[in-house]
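As provided, final05.cif (mmCIF, C-alpha atoms) reads as follows.
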```cif
data_upload
#
loop_
_atom_site.label_atom_id
_atom_site.label_comp_id
_atom_site.auth_asym_id
_atom_site.auth_seq_id
_atom_site.Cartn_x
_atom_site.Cartn_y
_atom_site.Cartn_z
CA MET O 21 -14.65 21.75 23.36
CA ASN O 22 -13.15 20.03 26.37
CA LYS O 23 -9.88 18.17 26.59
CA SER O 24 -11.37 14.73 26.24
CA SER O 25 -13.19 15.38 22.97
CA VAL O 26 -10.33 14.48 20.67
CA ASP O 27 -9.59 11.39 22.75
CA ASP O 28 -13.22 10.35 22.49
CA PHE O 29 -13.23 11.01 18.78
CA LEU O 30 -10.16 8.84 18.22
CA GLN O 31 -11.60 6.01 20.26
CA GLN O 32 -14.90 6.21 18.42
CA GLN O 33 -13.13 5.76 15.09
CA ARG O 34 -12.33 2.17 15.93
CA GLN O 35 -14.88 -0.13 14.47
CA ALA O 36 -15.34 -3.83 14.17
CA PRO O 37 -14.33 -5.30 10.81
CA PRO O 38 -17.31 -6.32 8.67
CA PRO O 39 -18.39 -9.84 9.75
CA GLU O 40 -18.43 -11.18 6.19
CA PHE O 41 -14.87 -9.96 5.67
CA THR O 42 -13.77 -11.48 8.98
CA ALA O 43 -15.25 -14.86 8.11
CA ALA O 44 -14.05 -14.92 4.49
CA LEU O 45 -10.47 -14.01 5.37
CA PHE O 46 -10.26 -16.60 8.12
CA GLU O 47 -11.62 -19.25 5.81
CA ARG O 48 -9.13 -18.31 3.13
CA ILE O 49 -5.99 -18.32 5.25
CA SER O 50 -6.77 -21.34 7.37
CA GLN O 51 -8.01 -23.60 4.61
CA PRO O 52 -4.66 -25.20 3.74
CA SER O 53 -4.15 -26.38 7.30
CA LYS O 54 -7.28 -28.47 7.18
CA GLY O 55 -6.16 -30.85 4.50
CA VAL O 56 -4.59 -34.04 5.75
CA LEU O 57 -3.79 -35.05 2.20
CA LEU O 58 -1.98 -31.83 1.72
CA THR O 59 0.14 -32.55 4.76
CA GLN O 60 1.02 -35.96 3.40
CA PHE O 61 1.81 -34.45 0.04
CA ARG O 62 4.14 -32.00 1.72
CA THR O 63 5.87 -34.75 3.67
CA ILE O 64 6.35 -37.09 0.77
CA PHE O 65 7.02 -34.75 -2.12
CA LEU O 66 7.56 -31.18 -1.08
CA ARG O 67 10.10 -31.56 1.71
CA PRO O 68 12.71 -33.31 -0.46
CA LEU O 69 12.12 -30.69 -3.12
CA VAL O 70 12.51 -27.92 -0.59
CA LYS O 71 15.82 -29.39 0.53
CA TYR O 72 17.13 -29.38 -3.02
CA ALA O 73 15.80 -25.87 -3.53
CA VAL O 74 17.50 -24.64 -0.40
CA ALA O 75 20.80 -26.21 -1.47
CA LEU O 76 20.47 -24.63 -4.89
CA SER O 77 19.59 -21.26 -3.37
CA ILE O 78 22.65 -21.38 -1.13
CA ALA O 79 24.84 -22.17 -4.13
CA LEU O 80 23.32 -19.30 -6.10
CA ALA O 81 23.63 -16.97 -3.14
CA ILE O 82 27.32 -17.75 -2.80
CA LEU O 83 27.74 -17.20 -6.52
CA ALA O 84 25.85 -13.93 -6.29
CA ILE O 85 27.96 -12.70 -3.39
CA ILE O 86 31.15 -13.55 -5.22
CA SER O 87 30.20 -11.97 -8.50
CA PRO O 88 28.47 -8.57 -8.62
CA THR O 89 27.68 -9.16 -12.28
CA VAL O 90 26.02 -12.47 -11.57
CA ARG O 91 24.25 -10.94 -8.62
CA ALA O 92 22.82 -8.17 -10.75
CA ASN O 93 21.70 -10.61 -13.39
CA ILE O 94 20.03 -12.93 -10.92
CA LEU O 95 18.29 -10.44 -8.71
CA GLN O 96 17.72 -7.38 -10.81
CA LYS O 97 19.20 -5.31 -13.56
CA ILE O 98 19.32 -1.66 -14.41
CA VAL O 99 17.43 -0.85 -17.57
CA ASN O 100 17.96 2.40 -19.46
CA VAL O 101 15.32 3.13 -22.05
CA SER O 102 14.89 6.46 -23.79
CA GLY O 103 16.72 8.30 -21.02
CA PHE O 104 14.71 6.71 -18.23
CA THR O 105 16.31 4.40 -15.69
CA PHE O 106 14.41 1.50 -14.20
CA VAL O 107 15.28 -1.51 -12.10
CA ALA O 108 13.93 -4.65 -13.76
CA SER O 109 13.28 -7.76 -11.74
CA ASP O 110 11.11 -10.84 -11.86
CA ARG O 111 10.85 -10.88 -8.12
CA GLY O 112 8.93 -7.69 -7.51
CA TRP O 113 9.33 -6.00 -4.20
CA ASP O 114 11.52 -7.72 -1.66
CA PRO O 115 9.10 -9.33 0.77
CA GLY O 116 11.51 -8.93 3.67
CA PRO O 117 11.49 -6.15 6.23
CA HIS O 118 12.00 -2.64 4.92
CA PRO O 119 13.36 0.39 6.71
CA THR O 120 10.81 3.05 7.45
CA PRO O 121 11.03 5.74 4.73
CA ALA O 122 12.69 8.95 5.87
CA GLN O 123 9.74 10.90 4.55
CA PRO O 124 6.16 9.80 4.05
CA PRO O 125 4.80 9.78 0.51
CA PRO O 126 3.21 13.14 -0.22
CA GLN O 127 -0.50 13.20 0.38
CA ALA O 128 -2.58 13.76 -2.73
CA VAL O 129 -5.01 16.67 -2.53
CA ARG O 130 -7.84 17.09 -4.99
CA VAL O 131 -7.95 20.56 -6.47
CA GLY O 132 -9.10 22.25 -9.64
CA LEU O 133 -6.81 22.46 -12.63
CA THR O 134 -6.12 26.17 -12.14
CA THR O 135 -5.16 25.60 -8.53
CA ALA O 136 -2.97 22.67 -9.53
CA ARG O 137 -1.09 24.88 -11.99
CA SER O 138 -0.48 27.45 -9.27
CA GLN O 139 0.75 24.87 -6.77
CA VAL O 140 3.62 23.35 -8.72
CA PRO O 141 6.85 25.15 -9.65
CA TYR O 142 6.69 24.30 -13.35
CA THR O 143 4.39 24.61 -16.31
CA PHE O 144 2.80 21.40 -17.48
CA LEU O 145 1.06 20.64 -20.75
CA LEU O 146 -2.19 18.79 -21.35
CA PRO O 147 -3.37 16.87 -24.42
CA THR O 148 -5.25 18.92 -27.00
CA TRP O 149 -6.49 15.79 -28.78
CA LEU O 150 -8.73 13.34 -26.98
CA PRO O 151 -10.20 10.03 -28.16
CA PRO O 152 -13.91 10.22 -29.01
CA GLY O 153 -16.09 10.29 -25.90
CA VAL O 154 -13.23 11.04 -23.53
CA THR O 155 -13.31 14.19 -21.43
CA LEU O 156 -11.22 15.86 -18.78
CA GLN O 157 -12.56 15.31 -15.28
CA GLU O 158 -11.18 18.41 -13.71
CA ALA O 159 -12.73 17.73 -10.31
CA THR O 160 -10.36 14.85 -9.78
CA THR O 161 -7.13 16.68 -10.49
CA GLN O 162 -4.72 15.86 -7.70
CA VAL O 163 -1.51 17.42 -6.48
CA ALA O 164 0.91 15.32 -4.44
CA GLY O 165 4.16 17.16 -3.82
CA THR O 166 5.18 18.42 -7.25
CA SER O 167 3.30 15.69 -9.03
CA VAL O 168 0.03 16.53 -10.77
CA ILE O 169 -2.44 13.82 -11.69
CA VAL O 170 -5.27 14.59 -14.08
CA TYR O 171 -8.07 12.11 -14.72
CA TYR O 172 -9.84 11.71 -18.04
CA VAL O 173 -13.05 9.73 -18.19
CA GLY O 174 -14.99 7.98 -20.92
CA GLN O 175 -18.67 7.09 -21.13
CA ASP O 176 -18.70 5.94 -17.53
CA PRO O 177 -17.71 8.94 -15.44
CA GLN O 178 -16.68 6.65 -12.60
CA VAL O 179 -13.95 4.91 -14.59
CA SER O 180 -10.84 6.64 -15.87
CA ALA O 181 -10.13 6.38 -19.57
CA PHE O 182 -6.56 7.33 -18.82
CA ILE O 183 -4.54 9.21 -16.24
CA TRP O 184 -2.16 12.01 -17.15
CA ARG O 185 0.63 12.54 -14.62
CA THR O 186 3.40 15.11 -14.60
CA TYR O 187 6.31 15.88 -12.35
CA GLN O 188 9.41 18.03 -12.51
CA GLY O 189 12.67 16.53 -13.72
CA GLN O 190 13.39 13.22 -15.35
CA GLY O 191 13.12 10.17 -13.18
CA GLY O 192 12.58 6.49 -13.50
CA THR O 193 9.71 4.90 -11.70
CA GLY O 194 11.58 2.29 -9.75
CA LEU O 195 10.96 -1.39 -10.20
CA ILE O 196 9.48 -2.88 -13.35
CA GLY O 197 9.08 -6.40 -14.67
CA ASN O 198 11.74 -7.94 -16.89
CA GLU O 199 11.09 -7.51 -20.61
CA SER O 200 8.29 -5.06 -19.89
CA THR O 201 9.65 -2.00 -21.70
CA GLU O 202 9.29 -0.89 -25.29
CA ALA O 203 11.13 2.08 -26.79
CA VAL O 204 8.81 4.38 -28.73
CA THR O 205 8.92 8.02 -29.84
CA VAL O 206 6.80 11.06 -29.08
CA ASN O 207 7.19 13.81 -31.66
CA GLY O 208 10.43 12.12 -32.68
CA ALA O 209 11.86 12.20 -29.17
CA PRO O 210 12.60 8.99 -27.26
CA ALA O 211 9.89 7.67 -24.96
CA VAL O 212 9.19 4.38 -23.25
CA LEU O 213 6.14 2.21 -22.84
CA ILE O 214 5.93 -0.11 -19.83
CA ARG O 215 3.49 -2.99 -19.63
CA GLY O 216 2.14 -4.60 -16.47
CA ILE O 217 2.26 -3.80 -12.80
CA TRP O 218 3.41 -5.64 -9.72
CA ASP O 219 0.62 -7.46 -7.94
CA GLY O 220 1.53 -7.66 -4.28
CA THR O 221 -1.31 -10.07 -3.57
CA THR O 222 -0.19 -12.75 -6.02
CA ALA O 223 3.48 -11.73 -5.81
CA GLN O 224 4.02 -11.56 -9.54
CA TRP O 225 4.06 -9.11 -12.41
CA SER O 226 0.70 -9.16 -14.07
CA ARG O 227 -1.90 -7.28 -16.08
CA PRO O 228 0.12 -6.39 -19.20
CA HIS O 229 -2.89 -4.49 -20.49
CA LEU O 230 -2.14 -1.79 -17.90
CA VAL O 231 0.46 0.36 -19.60
CA THR O 232 2.33 3.54 -18.87
CA LEU O 233 3.87 5.81 -21.48
CA HIS O 234 6.77 7.95 -20.20
CA TRP O 235 8.38 10.85 -21.97
CA PHE O 236 10.41 13.89 -20.99
CA GLN O 237 9.73 17.32 -22.41
CA ASP O 238 11.02 20.78 -21.39
CA GLY O 239 12.20 19.67 -17.97
CA VAL O 240 9.00 17.81 -17.13
CA THR O 241 8.30 14.08 -17.09
CA TYR O 242 4.91 13.07 -18.43
CA GLU O 243 3.20 9.75 -17.89
CA ILE O 244 0.00 8.40 -19.36
CA HIS O 245 -1.47 5.45 -17.45
CA ALA O 246 -4.09 3.53 -19.36
CA ASN O 247 -5.94 0.28 -19.59
CA LEU O 248 -5.67 -1.12 -23.12
CA ASN O 249 -8.73 -3.28 -22.46
CA SER O 250 -10.83 -0.15 -22.29
CA GLY O 251 -10.56 0.53 -26.02
CA LEU O 252 -7.49 2.73 -26.17
CA THR O 253 -4.50 1.61 -28.21
CA VAL O 254 -0.80 2.33 -27.91
CA ASP O 255 -1.14 4.56 -30.99
CA ASP O 256 -3.83 6.53 -29.16
CA LEU O 257 -1.48 7.07 -26.23
CA ILE O 258 1.27 8.34 -28.52
CA ARG O 259 -1.18 10.62 -30.29
CA LEU O 260 -2.30 11.96 -26.91
CA ALA O 261 1.30 12.60 -25.96
CA GLU O 262 2.08 14.30 -29.26
CA SER O 263 -0.90 16.63 -28.85
CA ALA O 264 0.38 18.07 -25.55
CA ARG O 265 0.31 21.85 -25.58
CA MET N 17 -12.15 -18.24 31.35
CA ARG N 18 -12.07 -17.92 27.60
CA ALA N 19 -10.81 -14.37 27.89
CA LYS N 20 -8.04 -15.56 30.18
CA MET N 21 -7.05 -18.27 27.75
CA ARG N 22 -6.92 -15.74 24.91
CA THR N 23 -4.76 -13.38 26.88
CA SER N 24 -2.32 -16.10 27.75
CA LEU N 25 -2.04 -17.13 24.14
CA ILE N 26 -1.41 -13.63 22.93
CA ARG N 27 0.99 -12.49 25.60
CA LYS N 28 2.71 -15.76 26.11
CA PRO N 29 2.25 -17.52 22.83
CA ALA N 30 3.22 -21.04 22.22
CA THR N 31 6.53 -21.81 20.63
CA HIS N 32 6.42 -21.60 16.88
CA ASP N 33 5.93 -25.32 16.60
CA GLU N 34 2.94 -25.14 18.84
CA LEU N 35 1.12 -22.37 16.99
CA THR N 36 -1.53 -24.71 15.72
CA ALA N 37 -4.65 -23.97 13.74
CA ALA N 38 -6.61 -23.88 17.00
CA ASP N 39 -4.25 -21.29 18.46
CA TRP N 40 -4.41 -19.37 15.24
CA GLU N 41 -8.16 -19.05 15.57
CA VAL N 42 -7.74 -17.35 18.92
CA VAL N 43 -4.93 -15.14 17.66
CA TYR N 44 -7.05 -14.16 14.68
CA ALA N 45 -10.07 -13.26 16.80
CA GLU N 46 -7.96 -11.14 19.11
CA GLN N 47 -5.59 -9.43 16.70
CA MET N 48 -7.48 -9.06 13.44
CA PRO N 49 -9.65 -6.12 14.60
CA ARG N 50 -6.53 -4.40 15.89
CA VAL N 51 -4.68 -4.77 12.62
CA TYR N 52 -7.78 -3.70 10.71
CA ASN N 53 -8.13 -0.53 12.77
CA TYR N 54 -4.41 0.19 12.54
CA PHE N 55 -4.82 0.33 8.76
CA ARG N 56 -8.08 2.31 9.02
CA PHE N 57 -6.28 4.96 11.02
CA ARG N 58 -3.33 4.85 8.67
CA LEU N 59 -5.22 5.04 5.38
CA ALA N 60 -8.63 6.41 6.39
CA ASP N 61 -10.17 4.01 3.93
CA ASP N 62 -12.26 0.98 4.85
CA ALA N 63 -11.68 -1.00 1.65
CA LEU N 64 -7.90 -0.51 1.74
CA ALA N 65 -7.88 -1.42 5.42
CA GLU N 66 -9.55 -4.72 4.57
CA GLU N 67 -7.13 -5.38 1.73
CA LEU N 68 -4.01 -4.73 3.78
CA THR N 69 -5.38 -6.63 6.77
CA ALA N 70 -5.91 -9.60 4.49
CA ARG N 71 -2.37 -9.32 3.15
CA THR N 72 -0.99 -9.11 6.69
CA PHE N 73 -2.74 -12.22 7.92
CA GLU N 74 -2.00 -14.19 4.79
CA LYS N 75 1.68 -13.35 5.15
CA ALA N 76 1.67 -13.99 8.89
CA TRP N 77 -0.04 -17.36 8.41
CA ARG N 78 2.44 -18.41 5.76
CA GLY N 79 5.38 -17.26 7.84
CA ARG N 80 4.13 -18.19 11.30
CA LYS N 81 6.94 -20.68 11.83
CA ARG N 82 9.43 -17.84 11.62
CA TYR N 83 7.95 -16.27 14.72
CA ARG N 84 10.41 -16.50 17.61
CA ARG N 85 8.90 -16.38 21.05
CA ASP N 86 12.14 -15.30 22.66
CA ARG N 87 12.17 -12.12 20.55
CA GLY N 88 8.87 -10.71 21.74
CA ALA N 89 5.13 -11.08 21.84
CA PHE N 90 3.31 -12.53 18.88
CA SER N 91 1.36 -9.30 18.49
CA THR N 92 4.62 -7.37 18.11
CA TRP N 93 5.74 -9.75 15.38
CA LEU N 94 2.35 -9.47 13.70
CA PHE N 95 2.47 -5.67 13.71
CA THR N 96 5.98 -5.76 12.29
CA VAL N 97 4.45 -7.66 9.38
CA ALA N 98 1.60 -5.12 9.17
CA ARG N 99 4.00 -2.16 9.08
CA ASN N 100 6.02 -3.77 6.30
CA ILE N 101 2.83 -4.40 4.37
CA ALA N 102 1.97 -0.72 4.70
CA ILE N 103 5.41 0.28 3.40
CA ASP N 104 5.07 -2.14 0.49
CA PHE N 105 1.68 -0.70 -0.25
CA TYR N 106 3.00 2.85 -0.53
CA ARG N 107 5.74 1.64 -2.85
CA GLU N 108 3.31 -0.23 -5.06
CA ARG N 109 0.94 2.66 -5.17
CA ARG N 110 3.67 4.95 -6.41
CA ASN N 111 3.54 3.15 -9.74
CA GLU N 112 0.06 1.76 -9.83
CA PRO N 113 -2.40 3.42 -12.15
CA ILE N 114 -5.63 4.01 -10.31
CA LEU N 115 -8.09 3.29 -13.06
CA SER N 116 -11.30 2.91 -11.16
CA LEU N 117 -12.99 5.64 -9.23
CA ASP N 118 -15.98 3.56 -8.28
CA THR N 119 -14.48 1.90 -5.23
CA LEU N 120 -15.79 4.55 -2.89
CA ASP N 121 -19.31 3.86 -4.06
CA ALA N 122 -18.82 0.11 -3.82
CA GLN N 123 -17.73 0.47 -0.20
CA ASP N 124 -20.94 2.25 0.65
CA ALA N 125 -23.24 -0.50 -0.54
CA GLY N 126 -25.66 -1.52 2.15
CA TYR N 127 -25.37 1.62 4.24
CA SER N 128 -28.01 4.31 4.64
CA ALA N 129 -27.28 7.72 3.17
CA GLU N 130 -26.90 9.18 6.64
CA ALA N 131 -24.48 6.43 7.65
CA ILE N 132 -22.43 6.91 4.49
CA ILE N 133 -22.13 10.63 5.03
CA GLN N 134 -21.25 10.17 8.69
CA ARG N 135 -18.67 7.49 7.90
CA ARG N 136 -17.00 9.49 5.15
CA THR N 137 -17.05 12.63 7.24
CA ASP N 138 -15.48 10.90 10.21
CA LEU N 139 -12.78 9.21 8.15
CA ALA N 140 -11.97 12.47 6.38
CA ARG N 141 -11.88 14.25 9.70
CA LEU N 142 -9.64 11.59 11.18
CA ASN N 143 -7.26 11.84 8.25
CA THR N 144 -7.19 15.63 8.41
CA LEU N 145 -6.55 15.51 12.11
CA LEU N 146 -3.67 13.02 11.87
CA ASP N 147 -2.18 14.62 8.78
CA GLN N 148 -0.91 17.54 10.78
CA LEU N 149 1.40 15.27 12.76
CA PRO N 150 4.91 14.23 11.74
CA LEU N 151 5.05 10.68 10.37
CA ARG N 152 6.39 9.14 13.55
CA ASP N 153 3.84 10.81 15.81
CA ARG N 154 1.05 9.85 13.47
CA GLU N 155 2.12 6.23 13.61
CA LEU N 156 2.21 6.36 17.40
CA ILE N 157 -1.42 7.50 17.38
CA GLU N 158 -2.32 4.80 14.86
CA LEU N 159 -0.75 2.13 17.03
CA LYS N 160 -2.16 3.48 20.27
CA PHE N 161 -5.71 4.29 19.24
CA GLY N 162 -6.17 2.19 16.13
CA ALA N 163 -4.35 -0.96 17.18
CA GLU N 164 -4.84 -0.42 20.93
CA LEU N 165 -1.26 -1.40 21.67
CA THR N 166 0.34 -0.61 25.01
CA ASN N 167 3.19 1.87 25.18
CA ARG N 168 5.51 -1.04 25.88
CA ALA N 169 4.39 -2.92 22.78
CA ILE N 170 4.74 0.22 20.67
CA ALA N 171 8.22 0.79 22.06
CA GLN N 172 9.28 -2.73 21.10
CA LEU N 173 7.78 -2.34 17.69
CA ILE N 174 9.38 0.92 16.65
CA GLY N 175 12.61 0.72 18.65
CA LEU N 176 12.08 3.42 21.25
CA THR N 177 12.01 3.25 25.03
CA GLU N 178 8.66 2.96 26.73
CA SER N 179 9.07 6.32 28.45
CA ASN N 180 10.03 7.92 25.15
CA VAL N 181 6.87 6.58 23.57
CA GLY N 182 4.84 7.95 26.48
CA THR N 183 6.39 11.39 26.11
CA LEU N 184 5.94 11.50 22.34
CA LEU N 185 2.35 10.33 22.63
CA HIS N 186 1.61 12.95 25.25
CA ARG N 187 3.00 15.69 23.00
CA ALA N 188 1.19 14.41 19.95
CA MET N 189 -2.10 14.26 21.81
CA GLN N 190 -1.56 17.74 23.18
CA ARG N 191 -1.02 18.98 19.67
CA LEU N 192 -4.18 17.28 18.45
CA ARG N 193 -6.18 18.68 21.35
CA ASN N 194 -4.97 22.21 20.63
CA THR N 195 -5.95 21.90 16.99
CA TRP N 196 -9.26 20.36 17.93
CA GLU N 197 -10.04 23.28 20.23
CA GLU N 198 -8.95 25.87 17.67
CA ARG N 199 -11.20 24.38 15.02
CA SER N 200 -14.08 24.01 17.42
CA ALA N 201 -13.83 27.58 18.66
#
```

This entry written out as structure tokens:
Amino acid sequence: MNKSSVDDFLQQQRQAPPPEFTAALFERISQPSKGVLLTQFRTIFLRPLVKYAVALSIALAILAIISPTVRANILQKIVNVSGFTFVASDRGWDPGPHPTPAQPPPQAVRVGLTTARSQVPYTFLLPTWLPPGVTLQEATTQVAGTSVIVYYVGQDPQVSAFIWRTYQGQGGTGLIGNESTEAVTVNGAPAVLIRGIWDGTTAQWSRPHLVTLHWFQDGVTYEIHANLNSGLTVDDLIRLAESAR
Amino acid sequence: MRAKMRTSLIRKPATHDELTAADWEVVYAEQMPRVYNYFRFRLADDALAEELTARTFEKAWRGRKRYRRDRGAFSTWLFTVARNIAIDFYRERRNEPILSLDTLDAQDAGYSAEAIIQRRTDLARLNTLLDQLPLRDRELIELKFGAELTNRAIAQLIGLTESNVGTLLHRAMQRLRNTWEERSA
């Protein structure tokens, strides 16, 4: 293989975006600029409102800077539920610039369950009870760092019934929506259920039917991610958790 | 003539007040494939590349009046937005339950079996190749080969000197070539 092969390969990986995607995206983002009425609406109604909003924001910002308590309440608050710590906010991720992470997120690698067990420095449990029709899809077990993700599928093998995730230690999972947590128990021990996920496209918390159950057991955090619209219930998730062996 | 006009708009864009819908059309035609390929190289996934490209241009369109000509080329500003979108994406994904495994199949609709296999193989190969690089070097390759940015533009974007970018790129490419030859031997 000569020197230029890898250069050629990299250059060949560039490809034109699909034409239908190109056209649809352009239409979507440029549509607002085409409306004259919209412009007038902005001039007459929105600009005065924006001025008031800016003035209000400045006042709130000053208040937030002065008072750490007020700041925390306005922007975000620390939530401790069942030993897990989360940051709750209505705003979702800050849309401003972010520093580049010191380390990239670990790449997930699909392996078999046996390999997954050998690749992490802890022993993790799996559910011994499964809802009717649900099976373990071992081929999709993934290891990312010390995190293990196991997929369980229902009738449609292409769609996960739920996802079972484990990692060492007890950690929160970062940002959650306000009022999205519910304290529950797993085998009598505290656990937490979180509803909804952040939708970066619409910039709001949404889809409360997507839930995650978190609990901590023998030095390992377990999470069950599930879609309650797929037929599973919160009781099912707790039963799954309580069957871990 | 048209190519010349496009170049002048990209390299010497109008002031933010002058970035009209007509200018935007030219910017879009020139920069969208670059952003799309930046994400393809970064994620090795066509569907995700489309999604993040869409997010980038939606955000750039909404915030186009914040672009300051005196702080650099429009493309540099646009790729700053794209990089932040990528960071946001990784953060979201950390918590997001991936409930559907059928997206890979959906992406392949309309392609022949041979094309699907070739496309998946190439993307997997690309990802494997770039995975061996440290994060910074990988991003240099993504910006150079995916986004087709100049060393100068990359330097402005990530806060290095142009010569530093050239040196790092040279080393990264040398590393890739060595691996390529080892695997081909």

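Across O:Leu30, O:Leu260, O:Ile78, O:Ala136, the tightest approach to chain N is made by O:Leu30 when counting all atoms listed in the file.
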
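If you measure from each of N:Arg99, N:His186, N:Arg58, N:Arg84 to Thr72 (chain N) using all atoms listed in the file, the closest one turns out to be N:Arg99.
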
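Across the structure, CA of Val240 (chain O) and CA of Ile217 (chain O) are spaced 23.0 Å apart.
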
Could you state which residues are captured by the PyMOL selection byres ((chain O and resi 186) around 9) in this file, as a ChimeraX atom specification?
/O:144-145,166-170,184-185,187-188,240-244

Long-range neighbours of Glu158 (chain N) as a count of residues only, 7 Å cut-off, all atoms listed in the file, 4 positions minimum in chain:
6
